[in-house]
file final08.csv (CSV, C-alpha atoms)
chain,number,residue,atom,x,y,z
A,10,MET,CA,6.1,-55.3,-88.3
A,11,THR,CA,6.2,-56.2,-92.0
A,12,PHE,CA,7.1,-54.1,-94.9
A,13,ASP,CA,3.6,-52.9,-96.0
A,14,ASP,CA,3.0,-50.0,-98.3
A,15,ASP,CA,3.4,-47.5,-95.4
A,16,LEU,CA,6.8,-48.8,-94.5
A,17,VAL,CA,8.0,-49.0,-98.1
A,18,ALA,CA,7.0,-45.3,-98.4
A,19,CYS,CA,8.9,-44.5,-95.2
A,20,ALA,CA,12.0,-46.3,-96.5
A,21,GLN,CA,11.8,-44.5,-99.8
A,22,ALA,CA,11.5,-41.1,-98.0
A,23,VAL,CA,14.6,-41.9,-95.9
A,24,GLU,CA,16.5,-43.0,-99.0
A,25,ARG,CA,15.7,-39.6,-100.7
A,26,GLY,CA,15.9,-37.3,-97.7
A,27,ASP,CA,18.6,-38.9,-95.4
A,28,PRO,CA,20.9,-41.2,-97.5
A,29,GLU,CA,23.3,-41.8,-94.6
A,30,ARG,CA,20.6,-43.0,-92.2
A,31,PHE,CA,19.2,-45.0,-95.0
A,32,ALA,CA,22.6,-46.7,-95.5
A,33,ALA,CA,22.9,-47.3,-91.8
A,34,THR,CA,19.4,-48.8,-91.6
A,35,MET,CA,20.1,-51.1,-94.6
A,36,ALA,CA,23.3,-52.2,-92.7
A,37,ALA,CA,21.2,-53.1,-89.7
A,38,PRO,CA,19.6,-56.5,-89.1
A,39,VAL,CA,16.3,-56.9,-91.0
A,40,PRO,CA,14.1,-57.1,-87.9
A,41,ALA,CA,15.4,-53.6,-86.8
A,42,ARG,CA,14.6,-51.9,-90.0
A,43,PRO,CA,10.9,-51.2,-89.8
A,44,ALA,CA,11.2,-49.2,-86.5
A,45,LEU,CA,14.2,-47.3,-87.8
A,46,PHE,CA,12.6,-46.4,-91.1
A,47,ALA,CA,9.4,-45.2,-89.4
A,48,ILE,CA,11.3,-43.0,-86.9
A,49,TYR,CA,13.7,-41.6,-89.5
A,50,ALA,CA,10.9,-40.9,-92.0
A,51,PHE,CA,9.2,-38.9,-89.2
A,52,ASN,CA,12.4,-37.0,-88.6
A,53,ILE,CA,12.6,-36.0,-92.3
A,54,GLU,CA,9.0,-34.7,-92.3
A,55,VAL,CA,9.6,-32.7,-89.2
A,56,SER,CA,13.0,-31.3,-90.0
A,57,ARG,CA,11.9,-30.0,-93.4
A,58,ALA,CA,8.6,-28.5,-92.2
A,59,PRO,CA,10.2,-25.1,-91.3
A,60,TRP,CA,12.0,-24.9,-94.6
A,61,VAL,CA,9.3,-25.7,-97.2
A,62,THR,CA,7.4,-22.4,-96.7
A,63,GLN,CA,8.3,-18.7,-96.1
A,64,GLU,CA,5.1,-18.3,-94.0
A,65,SER,CA,5.9,-18.8,-90.3
A,66,MET,CA,2.3,-19.5,-89.4
A,67,ILE,CA,2.1,-22.3,-92.0
A,68,ALA,CA,5.4,-23.8,-90.7
A,69,GLU,CA,4.0,-23.6,-87.1
A,70,MET,CA,0.8,-25.4,-88.2
A,71,ARG,CA,2.9,-28.2,-89.9
A,72,LEU,CA,4.9,-28.8,-86.7
A,73,GLN,CA,1.7,-28.7,-84.6
A,74,TRP,CA,0.2,-31.3,-86.8
A,75,TRP,CA,3.0,-33.7,-85.8
A,76,ARG,CA,2.8,-32.8,-82.2
A,77,ASP,CA,-0.9,-33.6,-82.3
A,78,ALA,CA,-0.1,-37.0,-83.9
A,79,LEU,CA,2.4,-37.8,-81.3
A,80,ALA,CA,-0.1,-36.9,-78.6
A,81,GLU,CA,-2.5,-39.4,-80.1
A,82,ILE,CA,0.3,-42.1,-80.0
A,83,ARG,CA,1.3,-41.1,-76.4
A,84,ASP,CA,-2.3,-41.2,-75.1
A,85,ARG,CA,-3.1,-44.5,-76.9
A,86,GLY,CA,-6.2,-43.0,-78.4
A,87,VAL,CA,-7.4,-43.1,-82.0
A,88,VAL,CA,-4.3,-42.3,-84.2
A,89,ARG,CA,-4.8,-40.5,-87.5
A,90,ARG,CA,-4.2,-42.5,-90.7
A,91,HIS,CA,-0.9,-41.4,-92.3
A,92,GLU,CA,1.8,-43.3,-94.1
A,93,VAL,CA,4.4,-42.2,-91.5
A,94,VAL,CA,2.2,-41.8,-88.4
A,95,THR,CA,0.6,-45.2,-88.7
A,96,PRO,CA,3.8,-47.3,-88.6
A,97,LEU,CA,5.2,-44.8,-86.0
A,98,ALA,CA,2.3,-45.7,-83.7
A,99,HIS,CA,3.4,-49.3,-83.8
A,100,VAL,CA,7.0,-48.7,-82.6
A,101,LEU,CA,6.6,-45.8,-80.0
A,102,ASP,CA,5.5,-46.1,-76.4
A,103,ALA,CA,4.5,-43.0,-74.4
A,104,GLU,CA,8.0,-42.1,-73.5
A,105,GLY,CA,9.2,-42.4,-77.1
A,106,ALA,CA,6.4,-40.2,-78.2
A,107,THR,CA,7.3,-37.6,-75.5
A,108,LEU,CA,11.0,-37.7,-76.7
A,109,LEU,CA,9.9,-37.0,-80.2
A,110,ASP,CA,7.5,-34.3,-79.2
A,111,ARG,CA,10.4,-32.4,-77.6
A,112,LEU,CA,12.2,-32.8,-80.9
A,113,VAL,CA,9.3,-31.2,-82.8
A,114,GLU,CA,9.0,-28.4,-80.2
A,115,MET,CA,12.7,-27.5,-80.6
A,116,ARG,CA,12.4,-27.5,-84.4
A,117,ARG,CA,10.4,-24.3,-84.1
A,118,TRP,CA,13.7,-22.5,-83.8
A,119,ASP,CA,14.3,-23.3,-87.5
A,120,ILE,CA,11.3,-21.4,-88.6
A,121,TYR,CA,12.5,-17.9,-87.5
A,122,ARG,CA,16.3,-18.2,-88.4
A,123,ASP,CA,17.1,-16.6,-85.1
A,124,PRO,CA,20.6,-17.0,-83.6
A,125,PHE,CA,21.1,-19.2,-80.6
A,126,GLU,CA,21.0,-17.3,-77.3
A,127,ASP,CA,24.2,-18.9,-76.1
A,128,MET,CA,25.9,-22.3,-76.0
A,129,SER,CA,23.4,-23.7,-73.5
A,130,HIS,CA,20.6,-23.0,-76.0
A,131,PHE,CA,22.7,-24.6,-78.8
A,132,ARG,CA,23.3,-27.8,-76.7
A,133,ASP,CA,19.6,-28.0,-75.8
A,134,TYR,CA,18.7,-27.8,-79.5
A,135,ILE,CA,21.3,-30.5,-80.4
A,136,ASP,CA,20.2,-32.8,-77.5
A,137,ALA,CA,16.5,-32.4,-78.3
A,138,THR,CA,16.8,-33.0,-82.0
A,139,SER,CA,19.7,-35.4,-82.5
A,140,GLY,CA,19.9,-36.9,-79.0
A,141,HIS,CA,16.1,-37.5,-78.6
A,142,LEU,CA,15.9,-39.0,-82.1
A,143,MET,CA,18.7,-41.5,-81.4
A,144,LEU,CA,17.2,-42.4,-78.0
A,145,ALA,CA,13.7,-42.9,-79.4
A,146,ALA,CA,15.1,-45.1,-82.2
A,147,ALA,CA,17.1,-47.1,-79.7
A,148,ARG,CA,14.2,-47.5,-77.3
A,149,ALA,CA,12.0,-48.7,-80.2
A,150,LEU,CA,14.4,-51.7,-80.5
A,151,GLY,CA,14.6,-52.6,-76.8
A,152,PRO,CA,15.5,-51.4,-73.3
A,153,VAL,CA,18.6,-49.1,-73.3
A,154,PRO,CA,20.5,-46.9,-70.9
A,155,ARG,CA,19.8,-43.2,-71.6
A,156,GLU,CA,23.2,-41.6,-71.0
A,157,PRO,CA,25.4,-43.2,-73.6
A,158,VAL,CA,22.8,-42.9,-76.3
A,159,LEU,CA,22.2,-39.2,-75.5
A,160,GLN,CA,25.9,-38.6,-75.6
A,161,ALA,CA,26.2,-40.4,-78.9
A,162,GLY,CA,23.3,-38.3,-80.2
A,163,ARG,CA,25.0,-35.1,-79.1
A,164,ALA,CA,28.2,-36.2,-81.0
A,165,LEU,CA,26.3,-37.0,-84.1
A,166,GLY,CA,24.3,-33.8,-83.9
A,167,ILE,CA,27.3,-31.6,-83.6
A,168,ALA,CA,29.0,-33.4,-86.5
A,169,ASN,CA,26.0,-33.0,-88.7
A,170,TRP,CA,25.5,-29.4,-87.7
A,171,LEU,CA,29.0,-28.5,-88.6
A,172,ARG,CA,28.5,-30.1,-92.0
A,173,ALA,CA,25.3,-28.1,-92.5
A,174,VAL,CA,26.8,-24.7,-91.6
A,175,PRO,CA,27.3,-23.5,-95.2
A,176,ALA,CA,23.7,-24.4,-96.2
A,177,LEU,CA,22.2,-22.9,-93.1
A,178,GLU,CA,24.1,-19.7,-93.7
A,179,LYS,CA,23.0,-19.6,-97.3
A,180,ALA,CA,19.4,-20.0,-96.1
A,181,GLY,CA,19.7,-17.0,-93.9
A,182,GLY,CA,20.4,-18.7,-90.6
A,183,ILE,CA,23.0,-17.9,-88.0
A,184,PRO,CA,24.0,-21.5,-87.1
A,185,LEU,CA,27.0,-20.9,-84.8
A,186,VAL,CA,27.0,-19.1,-81.5
A,187,GLU,CA,30.6,-18.0,-82.3
A,188,GLY,CA,32.2,-18.7,-85.7
A,189,THR,CA,35.9,-18.1,-84.9
A,190,PRO,CA,38.3,-20.9,-85.6
A,191,GLN,CA,38.9,-21.3,-81.9
A,192,ALA,CA,35.2,-21.6,-81.2
A,193,VAL,CA,34.6,-24.1,-84.0
A,194,ARG,CA,37.6,-26.2,-82.9
A,195,ALA,CA,36.2,-26.2,-79.3
A,196,LEU,CA,32.8,-27.3,-80.6
A,197,ALA,CA,34.3,-30.1,-82.6
A,198,ASN,CA,36.3,-31.2,-79.6
A,199,GLU,CA,33.1,-31.1,-77.5
A,200,GLY,CA,31.6,-33.5,-80.0
A,201,LEU,CA,34.6,-35.8,-79.9
A,202,GLN,CA,34.4,-35.8,-76.1
A,203,ALA,CA,30.7,-36.8,-76.2
A,204,LEU,CA,31.6,-39.5,-78.6
A,205,ALA,CA,34.3,-40.8,-76.4
A,206,GLU,CA,32.1,-40.8,-73.3
A,207,ALA,CA,29.4,-42.7,-75.3
A,208,ARG,CA,31.8,-45.3,-76.5
A,209,ALA,CA,33.3,-45.7,-73.0
A,210,GLN,CA,29.8,-47.1,-72.0
A,211,ARG,CA,29.4,-49.2,-75.1
A,212,ASN,CA,29.2,-52.5,-73.2
A,213,ALA,CA,26.1,-51.2,-71.4
A,214,VAL,CA,24.2,-50.9,-74.7
A,215,PRO,CA,22.5,-54.2,-75.5
A,216,ARG,CA,23.3,-55.6,-79.0
A,217,ALA,CA,19.7,-55.5,-80.0
A,218,VAL,CA,19.5,-51.7,-79.9
A,219,ARG,CA,22.9,-51.0,-81.4
A,220,PRO,CA,21.6,-50.6,-84.9
A,221,ALA,CA,20.1,-47.3,-83.8
A,222,LEU,CA,23.6,-46.1,-83.2
A,223,LEU,CA,25.0,-47.0,-86.6
A,224,PRO,CA,24.4,-43.5,-88.0
A,225,LEU,CA,27.4,-42.5,-85.8
A,226,TRP,CA,29.7,-44.1,-88.3
A,227,LEU,CA,30.9,-40.8,-89.8
A,228,ALA,CA,30.8,-38.6,-86.7
A,229,GLY,CA,34.3,-39.3,-85.5
A,230,PRO,CA,36.0,-38.5,-88.9
A,231,VAL,CA,33.9,-35.4,-89.4
A,232,LEU,CA,34.6,-34.0,-85.9
A,233,SER,CA,38.3,-34.8,-86.2
A,234,ARG,CA,38.5,-32.9,-89.5
A,235,ALA,CA,36.8,-29.9,-88.0
A,236,ALA,CA,39.0,-29.9,-84.9
A,237,ARG,CA,42.2,-30.1,-87.0
A,238,ASP,CA,41.2,-27.5,-89.5
A,239,PRO,CA,38.2,-25.4,-88.5
A,240,GLY,CA,38.3,-23.6,-91.9
A,241,ARG,CA,36.8,-26.8,-93.4
A,242,VAL,CA,33.5,-26.0,-91.8
A,243,ALA,CA,32.8,-22.7,-93.6
A,244,GLU,CA,34.2,-24.2,-96.8
A,245,GLY,CA,32.0,-27.3,-96.6
A,246,ARG,CA,34.9,-29.7,-96.7
A,247,LEU,CA,34.0,-32.1,-93.9
A,248,ASP,CA,32.5,-35.0,-95.9
A,249,VAL,CA,34.3,-38.3,-96.0
A,250,ALA,CA,35.1,-39.9,-99.4
A,251,PRO,CA,32.2,-42.3,-100.4
A,252,MET,CA,34.4,-45.5,-100.6
A,253,GLN,CA,35.9,-44.7,-97.2
A,254,ALA,CA,32.5,-44.1,-95.8
A,255,ARG,CA,31.1,-47.4,-97.1
A,256,LEU,CA,34.0,-49.4,-95.7
A,257,ALA,CA,33.6,-47.6,-92.3
A,258,LEU,CA,29.9,-48.4,-92.2
A,259,MET,CA,30.6,-52.0,-93.1
A,260,GLY,CA,33.1,-52.4,-90.4
A,261,ARG,CA,30.9,-50.9,-87.8
A,262,ALA,CA,27.9,-53.0,-88.8
A,263,LEU,CA,29.9,-56.3,-88.8
A,264,SER,CA,31.6,-55.6,-85.5
A,265,GLY,CA,28.7,-54.0,-83.7
A,266,LEU,CA,31.2,-51.5,-82.3
A,267,TRP,CA,29.4,-48.2,-83.2

call {"tool": "encode", "arguments": {"input": "final08.csv", "output": "structure tokens"}}
result
Amino acid sequence: MTFDDDLVACAQAVERGDPERFAATMAAPVPARPALFAIYAFNIEVSRAPWVTQESMIAEMRLQWWRDALAEIRDRGVVRRHEVVTPLAHVLDAEGATLLDRLVEMRRWDIYRDPFEDMSHFRDYIDATSGHLMLAAARALGPVPREPVLQAGRALGIANWLRAVPALEKAGGIPLVEGTPQAVRALANEGLQALAEARAQRNAVPRAVRPALLPLWLAGPVLSRAARDPGRVAEGRLDVAPMQARLALMGRALSGLW
């Protein structure tokens, strides 16, 4: 794939809407960038759909539009013309489209601001959104074992979720099953355990697909901060200093040790 107008639009959307994944993609080898930008631009479109309107029916229709587009890609039929869907169709196979369809389906939870039923429901949400996104991105770059990538996606999903807690609460959501310091610490430690399990299988992940795991570069520091001081979550104090973040990404990109 070459950087035509569609991919340029995807890259610009990721730069605006997801600066950390944009930075991780720009740190990846050039041949990996088109697939990553297409998939991350898709994720931005889907993740914001429940939040751009107060009308639940309109939000449902927006998400269904993306599910229909993924069905076209999965079935290898005529795929609608769209600056994100068109490049996405070039990088997804049927399984990749199915992974992302589950992501869209799970995003319906965001429309209604309901609390999670329990921790099992929360894990399903994180695995379908963050885990499936990372697995689809990795598969678009080459064959990859599922388990370490899904574990890595869970770790990143928990880290990003904890960072988002203040904004989600401000928007009227109930993001945590239990918000006590002990529960928050346990959740952060669960993320750290998932990260450790993913990295224990790092040698099984081919080098060609490792750029899809570069967004993990801040997960460890964020989860460690939440585990040490759960109060940072509600206060929105989990972010890493920009210079430290840039150096960490540079080190991960050069070493390939996500």

call {"tool": "residues_around", "arguments": {"input": "final08.csv", "residues": "A:Val88", "least_positions_apart": "4", "cutoff": "8 Å", "atoms": "only C-alpha atoms", "output": "list in words"}}
result
Ala78, Glu81, Ile82, Val94, Thr95 and Ala98 of chain A

call {"tool": "write_last_selection", "arguments": {"input": "final08.csv", "atoms": "C-alpha atoms", "output": "PDB file, in the coordinates of the input"}}
result
ATOM      1  CA  ALA A  78      -0.100 -37.000 -83.900  1.00  0.00           C
ATOM      2  CA  GLU A  81      -2.500 -39.400 -80.100  1.00  0.00           C
ATOM      3  CA  ILE A  82       0.300 -42.100 -80.000  1.00  0.00           C
ATOM      4  CA  VAL A  94       2.200 -41.800 -88.400  1.00  0.00           C
ATOM      5  CA  THR A  95       0.600 -45.200 -88.700  1.00  0.00           C
ATOM      6  CA  ALA A  98       2.300 -45.700 -83.700  1.00  0.00           C
TER       7      ALA A  98
END

call {"tool": "closest_atom_pairs", "arguments": {"input": "final08.csv", "of": "stretch 52-119 of chain A", "to": "stretch 168-180 of chain A", "cutoff": "12 Å", "atoms": "all atoms listed in the file", "output": "tab-separated table"}}
result
residue	atom	partner	partner_atom	distance
A:Pro59	CA	A:Ala180	CA	11.6
A:Trp60	CA	A:Ala180	CA	9.0
A:Val61	CA	A:Ala180	CA	11.6
A:Gln63	CA	A:Ala180	CA	11.2
A:Asp119	CA	A:Leu177	CA	9.7

call {"tool": "closest_residue", "arguments": {"input": "final08.csv", "among": "A:Pro251, A:Pro224, A:Glu92, A:Gly245", "to": "A:Met35", "atoms": "only C-alpha atoms"}}
result
A:Pro224

call {"tool": "closest_residue", "arguments": {"input": "final08.csv", "among": "A:Leu227, A:Val100, A:Ala44, A:Ala36", "to": "A:Gly166", "atoms": "all atoms listed in the file"}}
result
A:Leu227

call {"tool": "residues_near_point", "arguments": {"input": "final08.csv", "point": "(13.0, -45.3, -78.9)", "cutoff": "10 Å", "atoms": "only C-alpha atoms", "output": "ChimeraX atom specification"}}
result
/A:44-45,48,100-106,108-109,141-153,218,221

call {"tool": "atom_distance", "arguments": {"input": "final08.csv", "atom1": "atom CA of A:Arg30", "atom2": "atom CA of A:Phe46"}}
result
8.8 Å

call {"tool": "closest_residue", "arguments": {"input": "final08.csv", "among": "A:Leu97, A:Leu247, A:Val113, A:Val242", "to": "A:Thr189", "atoms": "only C-alpha atoms"}}
result
A:Val242

call {"tool": "atom_distance", "arguments": {"input": "final08.csv", "atom1": "atom CA of A:Ala161", "atom2": "atom CA of A:Leu232"}}
result
12.7 Å

call {"tool": "residues_around", "arguments": {"input": "final08.csv", "residues": "A:Ala32", "least_positions_apart": "3", "cutoff": "12 Å", "atoms": "all atoms listed in the file", "output": "ChimeraX atom specification"}}
result
/A:20-21,23-29,35-37,42,45-46,49,220-221,223-227,251,254-259,262

call {"tool": "write_last_selection", "arguments": {"input": "final08.csv", "atoms": "C-alpha atoms", "output": "CSV table (one decimal), in the frame of the given file"}}
result
chain,number,residue,atom,x,y,z
A,20,ALA,CA,12.0,-46.3,-96.5
A,21,GLN,CA,11.8,-44.5,-99.8
A,23,VAL,CA,14.6,-41.9,-95.9
A,24,GLU,CA,16.5,-43.0,-99.0
A,25,ARG,CA,15.7,-39.6,-100.7
A,26,GLY,CA,15.9,-37.3,-97.7
A,27,ASP,CA,18.6,-38.9,-95.4
A,28,PRO,CA,20.9,-41.2,-97.5
A,29,GLU,CA,23.3,-41.8,-94.6
A,35,MET,CA,20.1,-51.1,-94.6
A,36,ALA,CA,23.3,-52.2,-92.7
A,37,ALA,CA,21.2,-53.1,-89.7
A,42,ARG,CA,14.6,-51.9,-90.0
A,45,LEU,CA,14.2,-47.3,-87.8
A,46,PHE,CA,12.6,-46.4,-91.1
A,49,TYR,CA,13.7,-41.6,-89.5
A,220,PRO,CA,21.6,-50.6,-84.9
A,221,ALA,CA,20.1,-47.3,-83.8
A,223,LEU,CA,25.0,-47.0,-86.6
A,224,PRO,CA,24.4,-43.5,-88.0
A,225,LEU,CA,27.4,-42.5,-85.8
A,226,TRP,CA,29.7,-44.1,-88.3
A,227,LEU,CA,30.9,-40.8,-89.8
A,251,PRO,CA,32.2,-42.3,-100.4
A,254,ALA,CA,32.5,-44.1,-95.8
A,255,ARG,CA,31.1,-47.4,-97.1
A,256,LEU,CA,34.0,-49.4,-95.7
A,257,ALA,CA,33.6,-47.6,-92.3
A,258,LEU,CA,29.9,-48.4,-92.2
A,259,MET,CA,30.6,-52.0,-93.1
A,262,ALA,CA,27.9,-53.0,-88.8

call {"tool": "atom_distance", "arguments": {"input": "final08.csv", "atom1": "atom CA of A:Gln253", "atom2": "atom CA of A:Arg211"}}
result
23.5 Å

call {"tool": "residues_around", "arguments": {"input": "final08.csv", "residues": "A:Asp13", "least_positions_apart": "2", "cutoff": "12 Å", "atoms": "all atoms listed in the file", "output": "list of chain:residue names"}}
result
A:Met10, A:Thr11, A:Asp15, A:Leu16, A:Val17, A:Ala18, A:Cys19, A:Ala20, A:Pro43, A:Ala47, A:Glu92, A:Val93, A:Thr95, A:Pro96
